[in-house]
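Peer 1: Contents of entry_0.txt (compact mmCIF, C-alpha atoms) are given next:
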# COMPACT_ATOMS: atom_id res chain seq x y z
CA MET A 1 -33.09 -16.30 76.68
CA ARG A 2 -29.47 -15.67 75.86
CA THR A 3 -29.73 -18.16 73.05
CA ARG A 4 -32.85 -16.52 71.59
CA ALA A 5 -31.33 -13.06 72.03
CA SER A 6 -28.13 -14.18 70.37
CA ALA A 7 -30.07 -15.70 67.51
CA ALA A 8 -32.15 -12.55 67.14
CA ALA A 9 -29.03 -10.40 67.21
CA ALA A 10 -27.39 -12.62 64.64
CA LEU A 11 -30.48 -12.45 62.45
CA LEU A 12 -30.54 -8.66 62.80
CA THR A 13 -26.85 -8.48 61.90
CA VAL A 14 -27.32 -10.63 58.80
CA THR A 15 -30.34 -8.60 57.71
CA VAL A 16 -28.55 -5.28 58.12
CA ALA A 17 -25.45 -6.61 56.39
CA ALA A 18 -27.55 -7.91 53.53
CA GLY A 19 -29.31 -4.59 53.27
CA CYS A 20 -26.01 -2.71 53.20
CA GLY A 21 -24.61 -5.13 50.71
CA GLY A 22 -27.65 -4.72 48.51
CA ALA A 23 -27.44 -0.95 48.66
CA GLY A 24 -23.71 -1.09 48.04
CA GLY A 25 -24.28 -3.41 45.11
CA ARG A 26 -26.84 -1.05 43.61
CA GLN A 27 -24.47 1.89 44.11
CA ALA A 28 -21.62 -0.01 42.45
CA ALA A 29 -23.85 -0.97 39.58
CA THR A 30 -25.04 2.61 39.20
CA HIS A 31 -21.46 3.88 39.39
CA GLY A 32 -20.31 1.36 36.80
CA HIS A 33 -23.19 2.30 34.52
CA ALA A 34 -22.24 5.95 34.80
CA LEU A 35 -18.65 5.14 33.81
CA ALA A 36 -19.80 3.07 30.87
CA GLY A 37 -21.91 5.93 29.62
CA ALA A 38 -19.22 8.57 30.06
CA PRO A 39 -17.73 10.01 26.85
CA ARG A 40 -14.45 8.39 25.83
CA ALA A 41 -11.44 10.23 24.51
CA ARG A 42 -11.06 9.73 20.76
CA SER A 43 -7.74 8.46 19.49
CA ALA A 44 -6.01 10.49 16.80
CA PRO A 45 -6.64 9.17 13.26
CA GLN A 46 -3.84 7.08 11.81
CA ALA A 47 -1.75 8.51 9.00
CA PRO A 48 0.53 6.85 6.44
CA PRO A 49 4.20 6.71 7.45
CA PRO A 50 6.59 9.31 6.04
CA PRO A 51 8.58 8.45 2.90
CA ARG A 52 11.63 6.31 3.47
CA ALA A 53 15.07 7.80 3.01
CA ILE A 54 16.26 5.37 0.35
CA ASP A 55 18.70 6.32 -2.40
CA CYS A 56 18.22 4.13 -5.46
CA ALA A 57 21.26 5.76 -7.04
CA ARG A 58 23.30 3.87 -4.44
CA THR A 59 20.96 0.96 -3.65
CA ALA A 60 19.97 -1.70 -6.19
CA CYS A 61 16.21 -1.08 -6.26
CA VAL A 62 13.33 -2.72 -8.09
CA ALA A 63 9.69 -1.59 -8.10
CA LEU A 64 6.99 -4.25 -7.78
CA THR A 65 3.66 -2.99 -9.12
CA PHE A 66 0.21 -4.58 -8.92
CA ASP A 67 -2.67 -3.63 -11.21
CA ASP A 68 -6.46 -3.96 -11.32
CA GLY A 69 -7.11 -4.33 -7.58
CA PRO A 70 -8.04 -4.15 -4.91
CA GLY A 71 -9.50 -7.63 -4.84
CA PRO A 72 -10.12 -10.63 -2.59
CA TYR A 73 -6.40 -11.50 -2.43
CA THR A 74 -5.01 -8.01 -1.82
CA GLU A 75 -4.91 -8.36 1.97
CA THR A 76 -3.00 -11.64 1.69
CA LEU A 77 -0.49 -9.81 -0.49
CA LEU A 78 -0.23 -7.04 2.11
CA ASN A 79 0.55 -9.69 4.75
CA ASP A 80 3.36 -11.10 2.59
CA LEU A 81 4.84 -7.66 1.90
CA GLN A 82 4.71 -6.80 5.60
CA ALA A 83 6.45 -10.05 6.55
CA ALA A 84 9.28 -9.24 4.13
CA GLY A 85 9.50 -5.55 5.08
CA ALA A 86 8.88 -4.66 1.43
CA ARG A 87 6.89 -1.87 -0.17
CA ALA A 88 5.09 -1.90 -3.50
CA THR A 89 2.87 0.24 -5.71
CA PHE A 90 -0.80 -0.57 -6.30
CA PHE A 91 -2.47 0.83 -9.42
CA MET A 92 -6.12 0.55 -8.46
CA LEU A 93 -9.35 0.55 -10.43
CA GLY A 94 -11.92 2.96 -9.06
CA GLU A 95 -14.80 0.52 -9.54
CA ASN A 96 -13.08 -1.99 -7.21
CA VAL A 97 -12.15 0.45 -4.45
CA ALA A 98 -15.63 0.65 -2.89
CA SER A 99 -15.78 -3.15 -2.58
CA PHE A 100 -12.48 -3.42 -0.68
CA PRO A 101 -12.02 -0.13 1.21
CA HIS A 102 -10.21 -1.81 4.11
CA ALA A 103 -7.50 -3.09 1.76
CA VAL A 104 -7.05 0.41 0.34
CA ARG A 105 -6.73 1.98 3.78
CA ARG A 106 -4.42 -0.74 5.00
CA ALA A 107 -2.14 -0.38 1.97
CA ALA A 108 -1.87 3.35 2.58
CA LEU A 109 -1.13 2.95 6.30
CA ALA A 110 1.59 0.40 5.52
CA GLY A 111 3.44 2.93 3.35
CA HIS A 112 2.67 1.37 -0.01
CA GLU A 113 2.07 3.70 -2.92
CA ILE A 114 -1.40 3.89 -4.43
CA GLY A 115 -1.71 4.93 -8.05
CA ASN A 116 -4.61 5.52 -10.43
CA HIS A 117 -5.45 2.87 -13.04
CA SER A 118 -8.72 4.42 -14.31
CA TRP A 119 -12.24 3.64 -13.18
CA SER A 120 -13.17 0.68 -15.39
CA HIS A 121 -10.02 -0.22 -17.40
CA PRO A 122 -10.93 1.11 -20.86
CA GLN A 123 -8.38 1.85 -23.54
CA LEU A 124 -8.09 5.57 -22.96
CA THR A 125 -6.86 6.37 -26.46
CA GLY A 126 -10.28 5.28 -27.74
CA LEU A 127 -12.21 7.68 -25.50
CA PRO A 128 -12.95 11.39 -25.93
CA SER A 129 -11.03 13.69 -23.62
CA ALA A 130 -14.01 14.35 -21.35
CA SER A 131 -14.37 10.61 -20.71
CA VAL A 132 -10.65 10.19 -20.06
CA ARG A 133 -10.72 12.94 -17.46
CA ALA A 134 -13.84 11.43 -15.85
CA GLN A 135 -12.13 8.02 -15.61
CA VAL A 136 -9.17 9.61 -13.83
CA GLN A 137 -10.98 12.07 -11.58
CA ARG A 138 -13.66 9.64 -10.42
CA THR A 139 -10.97 7.16 -9.40
CA GLN A 140 -9.00 9.88 -7.60
CA ARG A 141 -12.03 10.68 -5.46
CA ALA A 142 -12.75 7.03 -4.67
CA ILE A 143 -9.17 6.36 -3.56
CA GLU A 144 -9.02 9.54 -1.48
CA GLN A 145 -12.18 8.54 0.36
CA ALA A 146 -11.23 4.90 0.97
CA SER A 147 -7.61 5.61 1.93
CA GLY A 148 -8.36 8.39 4.38
CA GLY A 149 -7.09 11.24 2.23
CA VAL A 150 -4.28 9.83 0.08
CA THR A 151 -4.27 11.45 -3.37
CA PRO A 152 -2.62 9.34 -6.09
CA LYS A 153 0.27 11.10 -7.78
CA LEU A 154 0.92 8.49 -10.50
CA MET A 155 -1.19 7.02 -13.29
CA ARG A 156 -0.84 3.75 -15.16
CA PRO A 157 -2.99 3.87 -18.30
CA PRO A 158 -4.75 0.55 -18.96
CA TYR A 159 -2.85 -1.60 -21.47
CA GLY A 160 -0.13 1.05 -21.39
CA ALA A 161 -2.10 2.83 -24.12
CA VAL A 162 -1.37 6.54 -24.13
CA ASP A 163 -0.78 9.26 -26.69
CA LYS A 164 -0.09 12.98 -26.51
CA ARG A 165 -3.77 13.92 -26.15
CA VAL A 166 -4.49 11.34 -23.45
CA SER A 167 -1.29 12.28 -21.67
CA GLY A 168 -2.54 15.85 -21.43
CA ASP A 169 -5.89 14.66 -20.08
CA ILE A 170 -4.25 12.46 -17.44
CA ALA A 171 -1.98 15.29 -16.26
CA MET A 172 0.14 12.99 -14.07
CA PRO A 173 3.37 11.05 -14.53
CA GLU A 174 2.59 7.83 -16.40
CA VAL A 175 4.10 4.59 -15.15
CA LEU A 176 4.63 1.74 -17.60
CA TRP A 177 6.87 -1.29 -16.98
CA SER A 178 10.04 -3.06 -18.07
CA VAL A 179 9.20 -6.58 -16.82
CA ASP A 180 5.86 -8.11 -17.84
CA THR A 181 5.27 -11.37 -15.98
CA LEU A 182 2.18 -12.12 -18.14
CA ASP A 183 0.58 -13.37 -14.93
CA TRP A 184 -2.87 -12.39 -16.22
CA LYS A 185 -2.42 -14.86 -19.05
CA ILE A 186 -0.44 -17.81 -17.70
CA ARG A 187 -2.14 -18.09 -14.26
CA ASP A 188 0.63 -20.37 -13.00
CA THR A 189 2.45 -19.54 -9.76
CA ARG A 190 5.80 -21.15 -10.63
CA ARG A 191 5.92 -19.52 -14.05
CA VAL A 192 5.12 -16.12 -12.53
CA GLU A 193 7.99 -16.61 -10.09
CA ARG A 194 10.39 -17.48 -12.91
CA ALA A 195 9.21 -14.59 -15.08
CA ALA A 196 9.67 -12.03 -12.32
CA LEU A 197 13.01 -13.28 -11.02
CA GLY A 198 14.43 -14.11 -14.42
CA GLN A 199 13.91 -10.61 -15.81
CA ALA A 200 14.12 -8.28 -12.83
CA HIS A 201 17.28 -6.23 -12.52
CA ARG A 202 18.33 -2.99 -10.94
CA GLY A 203 15.88 -0.24 -11.91
CA SER A 204 13.15 -2.59 -13.18
CA ILE A 205 9.44 -1.90 -12.86
CA VAL A 206 7.73 -5.29 -12.59
CA LEU A 207 4.10 -5.68 -13.69
CA MET A 208 1.78 -8.08 -11.84
CA HIS A 209 -1.91 -8.22 -10.87
CA ASP A 210 -3.16 -8.74 -7.32
CA ILE A 211 -6.58 -9.90 -8.52
CA HIS A 212 -5.13 -13.32 -9.39
CA LYS A 213 -4.63 -15.88 -6.63
CA THR A 214 -1.77 -17.52 -8.55
CA THR A 215 0.10 -14.21 -8.65
CA VAL A 216 -0.30 -13.48 -4.95
CA ALA A 217 0.90 -17.02 -4.17
CA ALA A 218 4.09 -16.28 -6.13
CA VAL A 219 5.00 -13.13 -4.21
CA PRO A 220 6.78 -14.69 -1.16
CA THR A 221 9.15 -16.59 -3.47
CA VAL A 222 9.65 -13.49 -5.63
CA LEU A 223 10.54 -11.39 -2.58
CA ALA A 224 12.98 -14.01 -1.30
CA GLY A 225 14.55 -14.31 -4.75
CA LEU A 226 14.98 -10.56 -5.13
CA LYS A 227 16.74 -10.47 -1.78
CA LYS A 228 19.16 -13.17 -2.93
CA LYS A 229 19.89 -11.10 -6.04
CA GLY A 230 20.66 -8.09 -3.86
CA LEU A 231 17.59 -6.15 -5.03
CA THR A 232 15.49 -4.01 -2.69
CA PRO A 233 11.73 -3.72 -3.43
CA VAL A 234 10.58 -0.08 -3.37
CA THR A 235 7.66 2.02 -4.54
CA VAL A 236 7.80 3.69 -7.94
CA SER A 237 8.23 7.13 -6.38
CA GLU A 238 11.08 5.80 -4.24
CA LEU A 239 12.71 4.32 -7.34
CA PHE A 240 12.97 7.77 -8.91
CA SER A 241 13.28 9.84 -5.73
CA THR A 242 16.92 10.81 -6.25
CA ASP A 243 16.38 11.88 -9.86
CA LYS A 244 14.65 15.08 -10.87
CA PRO A 245 10.95 15.13 -9.85
CA MET A 246 8.67 12.91 -11.93
CA GLN A 247 6.91 15.00 -14.54
CA ALA A 248 3.30 14.97 -15.75
CA GLY A 249 3.09 13.83 -19.35
CA VAL A 250 6.25 11.73 -19.12
CA ALA A 251 6.13 7.92 -19.29
CA TYR A 252 8.44 5.99 -16.96
CA GLY A 253 9.30 2.39 -17.84
CA GLU A 254 12.34 1.78 -15.68
CA ARG A 255 15.10 3.62 -13.91
CA VAL A 256 18.30 3.48 -15.90
CA PRO A 257 21.32 3.98 -13.66
CA PRO A 258 23.43 6.85 -14.96
CA VAL A 259 26.58 5.79 -16.74
CA PRO A 260 29.58 7.45 -15.11
CA THR A 261 31.57 9.69 -17.39
CA PRO A 262 34.95 8.07 -18.00
CA SER A 263 37.78 10.07 -16.61
CA ALA A 264 40.34 11.42 -19.04
CA PRO A 265 43.51 9.33 -19.17
CA GLU A 266 46.33 10.77 -17.19
CA ARG A 267 49.04 12.31 -19.28
CA ALA A 268 52.43 10.86 -18.78
CA ALA A 269 54.81 13.22 -17.09
CA GLU A 270 57.16 14.82 -19.56
CA PRO A 271 60.79 13.94 -18.98
CA ARG A 272 62.96 16.67 -17.64
CA ARG A 273 65.26 18.27 -20.11
When written as structure tokens, how does the structure in this file appear?
Peer 2:
Amino acid sequence: MRTRASAAAALLTVTVAAGCGGAGGRQAATHGHALAGAPRARSAPQAPPPPRAIDCARTACVALTFDDGPGPYTETLLNDLQAAGARATFFMLGENVASFPHAVRRAALAGHEIGNHSWSHPQLTGLPSASVRAQVQRTQRAIEQASGGVTPKLMRPPYGAVDKRVSGDIAMPEVLWSVDTLDWKIRDTRRVERAALGQAHRGSIVLMHDIHKTTVAAVPTVLAGLKKKGLTPVTVSELFSTDKPMQAGVAYGERVPPVPTPSAPERAAEPRR
């Protein structure tokens, strides 16, 4: 009898325990489900970093610029710039922005400068003023949307083609270049490296295109070579930040370091009489 009673008690204990465990399991599952469905706190949206305090009147600076993107190689370029701690300026085409919005946003968040390069790369001097303004304004809106609110402050007219009328229609500072790597034409990584490093000097604005794989492949060597030459890669706005503010309607090709005014020769002391 004791054996049967013990067995019955044991069976009762197991049954009750199983029932409690089942109820507890259901409660835990319900509790977990409630947590999963609870509203989560939203993180604050990311914003581009503040401008760097860099004085190109004292530092040997060079501005690397990339046209016609964003494209399939832009994010690789961003990786290379990040690894080197370098910043650059991207003159983007509006028609490409919608295809690579993540690259646009990432460039902005990394502190690179984003400029306007028109919507579809026409020669602006051959367009009526209304079309020029549409090319600029449509691209402004596309970049603002993709970047999370960054409004380009600089314009690079396609082919560098600009005249007084077009300049008035653009209504932004115009950025040209002093070093043309011809990367769009030669499509050879080693030659792009030599062109950039052979011509770049303090104050240069270097023209390249991030839509070409051969150009992006050249960038790590270019960055290392600039460092050896004592040159610091900066954005275009950083290059001119210690000068007077960049002006709409003015074309900027490079930053020419001011030539110090020679001091007057000291006059020899007159002998005492």
Peer 1: Atom CA of A:Asp243 and atom CA of A:Ala60, how far apart in Å?
Peer 2: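 It comes out at 14.5 Å.
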Peer 1: Between A:Val166, A:Leu197, A:Ala103, A:Met172, which one has atoms that come closest to A:Gly69, using only C-alpha atoms?
Peer 2: A:Ala103
Peer 1: Nearest to A:Ala195: which of A:Pro245, A:Gly85, A:Gly225, A:Gly94 is it, counting all atoms listed in the file?
Peer 2: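 Smallest separation from A:Ala195 among the options: A:Gly225.
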Peer 1: Quick one: distance from atom CA of A:Asp210 to atom CA of A:Val97 in Å, one decimal?
Peer 2: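 So the two atoms, atom CA of A:Asp210 and atom CA of A:Val97, lie 13.2 Å apart.
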Peer 1: Identify which of the residues A:Arg133, A:Arg105, A:Arg52, A:His209 lies closest to A:Gln145, counting all atoms listed in the file when measuring atom-to-atom distances.
Peer 2: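 Among the listed residues, A:Arg105 lies closest to A:Gln145.
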Peer 1: So, with only C-alpha atoms as the atoms that count, which of A:Ala248, A:Ala98, A:Leu226, A:Leu81 lies closest to A:Arg156?
Peer 2: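 Of the candidates, the smallest distance to A:Arg156 is held by A:Ala248.
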Peer 1: Would you mind writing stretch 42-69 of chain A with N, CA and C atoms, as a short mmCIF file (atom, residue, chain, number, x, y, z; two decimals), keeping the file's coordinate frame?
Peer 2:
data_model
loop_
_atom_site.label_atom_id
_atom_site.label_comp_id
_atom_site.auth_asym_id
_atom_site.auth_seq_id
_atom_site.Cartn_x
_atom_site.Cartn_y
_atom_site.Cartn_z
N ARG A 42 -11.27 10.29 22.10
CA ARG A 42 -11.06 9.73 20.76
C ARG A 42 -9.57 9.70 20.44
N SER A 43 -9.14 8.56 19.89
CA SER A 43 -7.74 8.46 19.49
C SER A 43 -7.53 9.22 18.19
N ALA A 44 -6.33 9.73 18.01
CA ALA A 44 -6.01 10.49 16.80
C ALA A 44 -6.06 9.56 15.59
N PRO A 45 -6.58 10.02 14.45
CA PRO A 45 -6.64 9.17 13.26
C PRO A 45 -5.24 8.78 12.80
N GLN A 46 -5.13 7.55 12.30
CA GLN A 46 -3.84 7.08 11.81
C GLN A 46 -3.50 7.76 10.49
N ALA A 47 -2.22 7.89 10.24
CA ALA A 47 -1.75 8.51 9.00
C ALA A 47 -0.67 7.62 8.40
N PRO A 48 -0.53 7.64 7.07
CA PRO A 48 0.53 6.85 6.44
C PRO A 48 1.90 7.27 6.96
N PRO A 49 2.86 6.36 6.97
CA PRO A 49 4.20 6.71 7.45
C PRO A 49 4.88 7.66 6.47
N PRO A 50 5.88 8.40 6.94
CA PRO A 50 6.59 9.31 6.04
C PRO A 50 7.40 8.52 5.01
N PRO A 51 7.77 9.15 3.91
CA PRO A 51 8.58 8.45 2.90
C PRO A 51 9.90 7.97 3.49
N ARG A 52 10.36 6.84 3.00
CA ARG A 52 11.63 6.31 3.47
C ARG A 52 12.79 7.05 2.81
N ALA A 53 13.86 7.18 3.56
CA ALA A 53 15.07 7.80 3.01
C ALA A 53 15.89 6.71 2.33
N ILE A 54 15.55 6.41 1.09
CA ILE A 54 16.26 5.37 0.35
C ILE A 54 16.79 5.98 -0.95
N ASP A 55 18.03 5.73 -1.24
CA ASP A 55 18.70 6.32 -2.40
C ASP A 55 18.94 5.22 -3.43
N CYS A 56 18.10 5.17 -4.45
CA CYS A 56 18.22 4.13 -5.46
C CYS A 56 19.34 4.41 -6.45
N ALA A 57 20.03 5.54 -6.27
CA ALA A 57 21.26 5.76 -7.04
C ALA A 57 22.40 4.96 -6.42
N ARG A 58 22.27 4.64 -5.14
CA ARG A 58 23.30 3.87 -4.44
C ARG A 58 22.85 2.44 -4.14
N THR A 59 21.53 2.26 -3.99
CA THR A 59 20.96 0.96 -3.65
C THR A 59 20.38 0.32 -4.91
N ALA A 60 20.54 -0.98 -5.05
CA ALA A 60 19.97 -1.70 -6.19
C ALA A 60 18.48 -1.92 -5.92
N CYS A 61 17.65 -1.08 -6.52
CA CYS A 61 16.21 -1.08 -6.26
C CYS A 61 15.44 -1.69 -7.41
N VAL A 62 14.27 -2.23 -7.09
CA VAL A 62 13.33 -2.72 -8.09
C VAL A 62 11.93 -2.38 -7.58
N ALA A 63 11.05 -1.96 -8.48
CA ALA A 63 9.69 -1.59 -8.10
C ALA A 63 8.71 -2.68 -8.51
N LEU A 64 8.06 -3.29 -7.52
CA LEU A 64 6.99 -4.25 -7.78
C LEU A 64 5.68 -3.48 -7.87
N THR A 65 4.92 -3.70 -8.94
CA THR A 65 3.66 -2.99 -9.12
C THR A 65 2.54 -4.00 -9.36
N PHE A 66 1.36 -3.68 -8.83
CA PHE A 66 0.21 -4.58 -8.92
C PHE A 66 -0.99 -3.81 -9.45
N ASP A 67 -1.57 -4.31 -10.53
CA ASP A 67 -2.67 -3.63 -11.21
C ASP A 67 -4.02 -4.29 -10.94
N ASP A 68 -5.07 -3.51 -11.20
CA ASP A 68 -6.46 -3.96 -11.32
C ASP A 68 -7.15 -4.24 -9.99
N GLY A 69 -6.46 -4.12 -8.87
CA GLY A 69 -7.11 -4.33 -7.58
C GLY A 69 -7.82 -3.06 -7.13
#
